[in-house]
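See below for target04.csv, which holds CSV, C-alpha atoms and all ligand atoms.
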chain,number,residue,atom,x,y,z
L,1,MET,CA,-1.6,13.0,-11.5
L,2,SER,CA,-3.6,9.8,-11.6
L,3,PHE,CA,-5.6,9.1,-8.5
L,4,ASP,CA,-6.5,5.5,-7.7
L,5,PRO,CA,-8.7,5.4,-4.6
L,6,VAL,CA,-8.7,2.5,-2.3
L,7,VAL,CA,-12.3,3.1,-1.4
L,8,ARG,CA,-14.8,4.8,-3.6
L,9,LEU,CA,-18.5,5.4,-2.7
L,10,ALA,CA,-20.6,6.7,-5.6
L,11,ASP,CA,-24.0,8.1,-4.6
L,12,ALA,CA,-24.3,5.5,-1.9
L,13,THR,CA,-27.6,5.2,-0.1
L,14,ARG,CA,-28.5,3.0,2.8
L,15,VAL,CA,-32.1,2.6,4.0
L,16,HIS,CA,-32.7,0.5,7.1
L,17,GLY,CA,-36.1,-1.2,7.2
L,18,ASP,CA,-39.0,-0.2,4.9
L,19,GLY,CA,-42.4,1.4,4.9
L,20,PRO,CA,-43.1,4.1,7.5
L,21,GLN,CA,-40.4,2.7,9.7
L,22,ALA,CA,-37.6,3.2,7.1
L,23,VAL,CA,-34.6,5.0,8.3
L,24,HIS,CA,-32.6,6.8,5.6
L,25,ALA,CA,-29.2,6.5,7.3
L,26,LEU,CA,-27.2,7.6,4.2
L,27,LYS,CA,-28.5,9.7,1.4
L,28,GLY,CA,-26.4,9.7,-1.8
L,29,VAL,CA,-22.9,9.9,-0.3
L,30,SER,CA,-19.9,10.1,-2.7
L,31,LEU,CA,-16.4,9.8,-1.3
L,32,GLU,CA,-13.0,8.8,-2.5
L,33,VAL,CA,-10.1,7.8,-0.2
L,34,ALA,CA,-6.6,7.5,-1.6
L,35,ALA,CA,-4.0,5.0,-0.3
L,36,GLY,CA,-2.3,6.4,2.7
L,37,GLU,CA,-4.8,9.1,3.2
L,38,LEU,CA,-6.1,9.7,6.7
L,39,VAL,CA,-9.8,10.5,6.9
L,40,ALA,CA,-11.8,11.3,10.0
L,41,VAL,CA,-15.6,10.8,9.8
L,42,MET,CA,-17.3,13.2,12.2
L,43,GLY,CA,-20.9,13.9,12.9
L,44,PRO,CA,-23.5,13.8,15.6
L,45,SER,CA,-24.8,10.5,17.0
L,46,GLY,CA,-27.1,8.9,14.5
L,47,SER,CA,-25.8,10.8,11.5
L,48,GLY,CA,-24.6,7.7,9.7
L,49,LYS,CA,-20.9,7.3,10.5
L,50,SER,CA,-21.1,3.6,11.3
L,51,THR,CA,-23.3,3.0,8.3
L,52,LEU,CA,-20.8,4.7,6.1
L,53,LEU,CA,-17.9,2.7,7.6
L,54,ASN,CA,-19.8,-0.5,7.3
L,55,LEU,CA,-20.3,0.1,3.6
L,56,ALA,CA,-16.7,1.2,3.0
L,57,GLY,CA,-15.4,-2.0,4.6
L,58,GLY,CA,-17.8,-4.4,3.0
L,59,LEU,CA,-19.7,-5.3,6.2
L,60,ASP,CA,-22.9,-4.0,4.6
L,61,THR,CA,-24.1,-3.3,1.1
L,62,PRO,CA,-25.8,-0.1,-0.1
L,63,THR,CA,-29.5,0.1,-0.9
L,64,SER,CA,-28.5,2.0,-4.0
L,65,GLY,CA,-25.2,3.4,-5.4
L,66,ALA,CA,-21.9,1.7,-5.6
L,67,VAL,CA,-19.0,0.9,-3.3
L,68,THR,CA,-15.6,-0.1,-4.7
L,69,VAL,CA,-12.7,-1.3,-2.7
L,70,GLU,CA,-9.3,-1.4,-4.5
L,71,GLY,CA,-11.1,-1.4,-7.8
L,72,THR,CA,-13.5,-4.2,-6.9
L,73,PRO,CA,-17.2,-3.3,-7.0
L,74,LEU,CA,-18.6,-4.9,-3.8
L,75,THR,CA,-21.9,-5.7,-5.4
L,76,SER,CA,-20.1,-8.0,-7.8
L,77,LEU,CA,-19.0,-10.2,-4.9
L,78,THR,CA,-20.7,-13.1,-3.3
L,79,ASP,CA,-21.0,-13.1,0.5
L,80,GLY,CA,-18.1,-15.4,0.8
L,81,GLU,CA,-15.9,-13.2,-1.5
L,82,ARG,CA,-16.8,-10.2,0.6
L,83,ALA,CA,-15.9,-12.0,3.7
L,84,ALA,CA,-12.5,-12.9,2.2
L,85,LEU,CA,-12.0,-9.3,1.1
L,86,ARG,CA,-12.7,-8.1,4.7
L,87,ARG,CA,-10.2,-10.5,6.1
L,88,ARG,CA,-7.5,-9.7,3.6
L,89,ARG,CA,-7.9,-6.1,2.7
L,90,VAL,CA,-9.8,-4.3,5.4
L,91,GLY,CA,-8.7,-3.5,8.9
L,92,TYR,CA,-11.3,-2.4,11.5
L,93,VAL,CA,-10.6,-1.6,15.1
L,94,PHE,CA,-14.0,-1.8,16.8
L,95,GLN,CA,-15.2,0.5,19.6
L,96,ASP,CA,-15.8,-2.5,21.9
L,97,LEU,CA,-12.6,-4.2,20.5
L,98,ASN,CA,-14.4,-7.5,19.9
L,99,LEU,CA,-11.6,-9.6,21.3
L,100,ILE,CA,-12.5,-13.2,21.8
L,101,PRO,CA,-12.3,-13.8,25.6
L,102,SER,CA,-11.4,-17.5,25.4
L,103,LEU,CA,-8.4,-16.8,23.2
L,104,THR,CA,-5.1,-15.2,24.3
L,105,ALA,CA,-3.8,-12.0,22.8
L,106,ALA,CA,-1.6,-13.9,20.4
L,107,GLU,CA,-4.5,-16.2,19.4
L,108,ASN,CA,-6.8,-13.3,18.8
L,109,VAL,CA,-4.3,-11.8,16.4
L,110,MET,CA,-3.6,-15.1,14.8
L,111,LEU,CA,-7.2,-16.0,14.1
L,112,PRO,CA,-7.8,-13.9,10.9
L,113,ARG,CA,-4.6,-15.4,9.3
L,114,GLU,CA,-5.6,-18.9,10.2
L,115,LEU,CA,-9.0,-18.3,8.7
L,116,ASP,CA,-7.1,-17.4,5.6
L,117,GLY,CA,-5.4,-20.8,5.5
L,118,VAL,CA,-2.1,-19.7,7.1
L,119,ARG,CA,-0.5,-22.5,9.2
L,120,ALA,CA,-0.7,-22.0,13.0
L,121,ARG,CA,3.1,-21.7,13.4
L,122,GLN,CA,3.4,-19.0,10.8
L,123,ALA,CA,0.3,-17.2,12.0
L,124,ARG,CA,1.7,-17.2,15.6
L,125,ARG,CA,5.0,-15.8,14.4
L,126,GLU,CA,3.3,-13.0,12.5
L,127,ALA,CA,1.0,-12.3,15.4
L,128,LEU,CA,3.9,-12.1,17.9
L,129,GLU,CA,5.6,-9.6,15.5
L,130,ALA,CA,2.5,-7.5,15.2
L,131,LEU,CA,2.1,-7.5,19.0
L,132,ALA,CA,5.7,-6.5,19.5
L,133,GLU,CA,5.2,-3.7,17.1
L,134,VAL,CA,2.5,-2.2,19.2
L,135,GLY,CA,4.5,-2.8,22.4
L,136,LEU,CA,2.5,-5.6,23.9
L,137,GLU,CA,4.7,-7.8,26.0
L,138,GLU,CA,2.0,-10.2,27.3
L,139,PRO,CA,1.0,-12.2,24.2
L,140,ASP,CA,-0.1,-15.3,26.2
L,141,ARG,CA,-2.5,-13.5,28.5
L,142,PHE,CA,-6.2,-13.6,28.0
L,143,PRO,CA,-8.1,-10.3,27.3
L,144,ASP,CA,-9.4,-10.1,30.9
L,145,GLU,CA,-5.8,-10.3,32.2
L,146,LEU,CA,-4.8,-7.2,30.2
L,147,SER,CA,-5.4,-3.5,30.9
L,148,GLY,CA,-7.7,-1.4,28.7
L,149,GLY,CA,-4.8,0.1,26.8
L,150,GLN,CA,-3.2,-3.3,26.3
L,151,ARG,CA,-6.4,-4.7,25.0
L,152,GLN,CA,-6.7,-1.8,22.6
L,153,ARG,CA,-3.2,-2.6,21.3
L,154,VAL,CA,-4.2,-6.2,20.7
L,155,ALA,CA,-7.1,-5.0,18.7
L,156,ILE,CA,-4.9,-2.7,16.7
L,157,ALA,CA,-2.4,-5.5,16.1
L,158,ARG,CA,-5.1,-7.9,14.9
L,159,PRO,CA,-5.8,-6.6,11.4
L,160,GLN,CA,-2.2,-5.9,10.6
L,161,PRO,CA,-0.8,-9.4,9.7
L,162,GLY,CA,-2.6,-9.1,6.4
L,163,ALA,CA,-1.2,-5.6,5.9
L,164,PRO,CA,-4.4,-4.2,4.6
L,165,ARG,CA,-4.1,-1.1,2.4
L,166,SER,CA,-7.6,0.0,2.9
L,167,PRO,CA,-8.1,2.8,5.4
L,168,ARG,CA,-8.6,2.0,9.0
L,169,SER,CA,-11.2,3.9,10.8
L,170,TRP,CA,-9.7,6.5,13.1
L,171,ARG,CA,-10.9,7.8,16.4
L,172,PRO,CA,-10.4,11.5,16.7
L,173,CYS,CA,-10.9,11.6,20.4
L,174,GLY,CA,-10.1,9.2,23.3
L,175,SER,CA,-12.1,6.1,24.0
L,176,PRO,CA,-14.3,6.0,27.1
L,177,ALA,CA,-11.5,4.4,29.0
L,178,GLY,CA,-9.5,7.6,28.5
L,179,THR,CA,-6.9,6.0,26.2
L,180,SER,CA,-5.2,8.3,23.7
L,181,CYS,CA,-6.5,9.2,20.3
L,182,GLY,CA,-5.4,7.0,17.4
L,183,PRO,CA,-6.5,4.2,15.2
L,184,ARG,CA,-10.0,4.2,16.2
L,185,GLY,CA,-11.9,2.1,18.4
L,186,ALA,CA,-15.0,3.4,16.7
L,187,ALA,CA,-18.1,1.5,15.8
L,188,PRO,CA,-19.0,-0.2,13.3
L,201,LIG,N1,-30.0,-1.9,11.7
L,201,LIG,C1,-30.7,-0.8,11.7
L,201,LIG,N2,-32.0,-0.7,11.6
L,201,LIG,C2,-32.7,0.5,11.7
L,201,LIG,N3,-32.1,1.6,11.8
L,201,LIG,C3,-30.7,1.7,11.9
L,201,LIG,C4,-30.0,0.5,11.9
L,201,LIG,N4,-28.7,0.8,12.0
L,201,LIG,C5,-28.6,2.1,12.1
L,201,LIG,N5,-29.9,2.7,12.1
L,201,LIG,C6,-30.2,4.1,12.1
L,201,LIG,O1,-29.5,4.7,11.1
L,201,LIG,C7,-29.1,6.0,11.5
L,201,LIG,C8,-27.6,6.1,11.4
L,201,LIG,O2,-27.0,5.2,12.4
L,201,LIG,P1,-25.4,5.0,12.5
L,201,LIG,O3,-25.2,3.9,13.4
L,201,LIG,O4,-24.8,5.0,11.2
L,201,LIG,O5,-25.1,6.4,13.3
L,201,LIG,P2,-23.6,6.9,13.8
L,201,LIG,O6,-23.3,8.2,13.2
L,201,LIG,O7,-22.6,5.9,13.7
L,201,LIG,O8,-24.0,7.2,15.4
L,201,LIG,P3,-23.1,7.0,16.7
L,201,LIG,O9,-22.2,8.3,16.7
L,201,LIG,O10,-24.2,7.1,17.8
L,201,LIG,O11,-22.4,5.7,16.7
L,201,LIG,C9,-29.6,6.2,13.0
L,201,LIG,O12,-30.8,6.9,12.9
L,201,LIG,C10,-29.8,4.7,13.4
L,201,LIG,O13,-30.8,4.7,14.4
L,202,MG,MG,-21.6,4.7,15.2
Would you mind giving the structure from this file in structure tokens?
Ligand SMILES: Nc1ncnc2c1ncn2[C@@H]1O[C@H](COP(=O)(O)OP(=O)(O)OP(=O)(O)O)[C@@H](O)[C@H]1O
Ligand SMILES: [Mg+2]
Amino acid sequence: MSFDPVVRLADATRVHGDGPQAVHALKGVSLEVAAGELVAVMGPSGSGKSTLLNLAGGLDTPTSGAVTVEGTPLTSLTDGERAALRRRRVGYVFQDLNLIPSLTAAENVMLPRELDGVRARQARREALEALAEVGLEEPDRFPDELSGGQRQRVAIARPQPGAPRSPRSWRPCGSPAGTSCGPRGAAP
């Protein structure tokens, strides 16, 4: 059976800094993730999990080796093209959620679509659908007017309007707030 990975890392290395201060965060990691596959990246603090996820999602580029997302080698892209790929194809739910405090829940979810040129009215309609899907009934509240679990659901809804096929990072254990396991609030 043919296997067409959504993400492929081939001998990927990431060194932070140089000289005696250089940190070899990833040493020759090869990994393939198929569409629909659920992968948990586990390891002690400092072992390179965020570095790996940053590379797999196009937030960072490897020092050596190759990263391919849906057949596109990331090193072949300009910074702008990588930013577009992240908006359209990659969904991250960050550990600290990264909601913009001055935007409502709906506006936070709309923003990536609007950056992609979708008109505000359509972006809002899609955002409200995504928020309804995760059971958020307060789309016009600001993040500081929501509970921790509600904020987490806004963050989960945010990447979904673009229906990314790339794998989302997954948090195997609860967030510090004690919310349940699920699509991860993990760093990057
Ligand atoms: N920008 C940076 N400059 C220098 N070193 C870095 C940088 N980012 C990460 N590192 C180092 O690279 C190594 C891997 O870090 P990384 O953030 O990938 O770990 P992690 O597995 O995600 O850890 P945690 O579970 O604590 O989040 C660590 O030693 C870290 O100190
Ligand atoms: Mg980390």
**Report entry** Gly28 in chain L surroundings by only C-alpha atoms, 8 Å radius, close-in-sequence under 2 positions cut, as a PyMOL selection string
**Finding:** chain L and resi 10-13+26+30+65
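In this comparison, which uses all atoms listed in the file, the residue of L:Leu53, L:Val67, L:Ala130, L:Val33 approaching Leu9 in chain L most closely is L:Val67.
Between CA of Ile100 in chain L and CA of Asp116 in chain L the separation is 17.6 Å.
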Worksheet item: If you count all atoms listed in the file, which residues end up within 9 Å of ligand LIG 201 (chain L), as number ranges by chain?
Response: L: 14-17, 21-26, 41-54, 186-188
Practice task
One decimal, Å: what's the distance from CA of Arg113 in chain L over to CA of Val90 in chain L, could you say?
Solution key: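 Taking CA of Arg113 in chain L and CA of Val90 in chain L, their separation equals 12.9 Å.
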Record the distance separating CA of Thr63 in chain L and CA of Val29 in chain L, expressed in Å with one decimal.
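About the pair CA of Thr63 in chain L and CA of Val29 in chain L: they are 11.8 Å apart.
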Using only C-alpha atoms, the shortest atom-to-atom distance to Pro5 in chain L among L:Asp144, L:Asp18, L:Glu129, L:Glu70 belongs to L:Glu70
I'd like the contact shell of Leu85 in chain L - 10 Å cut-off, only C-alpha atoms, skipping same-chain residues fewer than 3 positions apart - returned as a PyMOL selection string.
chain L and resi 57-58+69+72+74+77+79-82+88-90+164
*asked:* The residues within 6 Å of (-10.6, -15.9, 6.2), using only C-alpha atoms and the coordinates of the file, should be reported as a VMD selection string; which are they?
replied: chain L and resid 84 87 112 115 to 116
For this session: Give me the residues within 7 Å of Gln152 in chain L as an MDAnalysis selection string, counting only C-alpha atoms and dropping any in the same chain fewer than 4 places off.
Result: chainID L and resid 97 148 156
Judged by all atoms listed in the file, the minimum distance to Asn108 in chain L among L:Pro143, L:Gly135, L:Pro20, L:Gly91 is found for L:Pro143
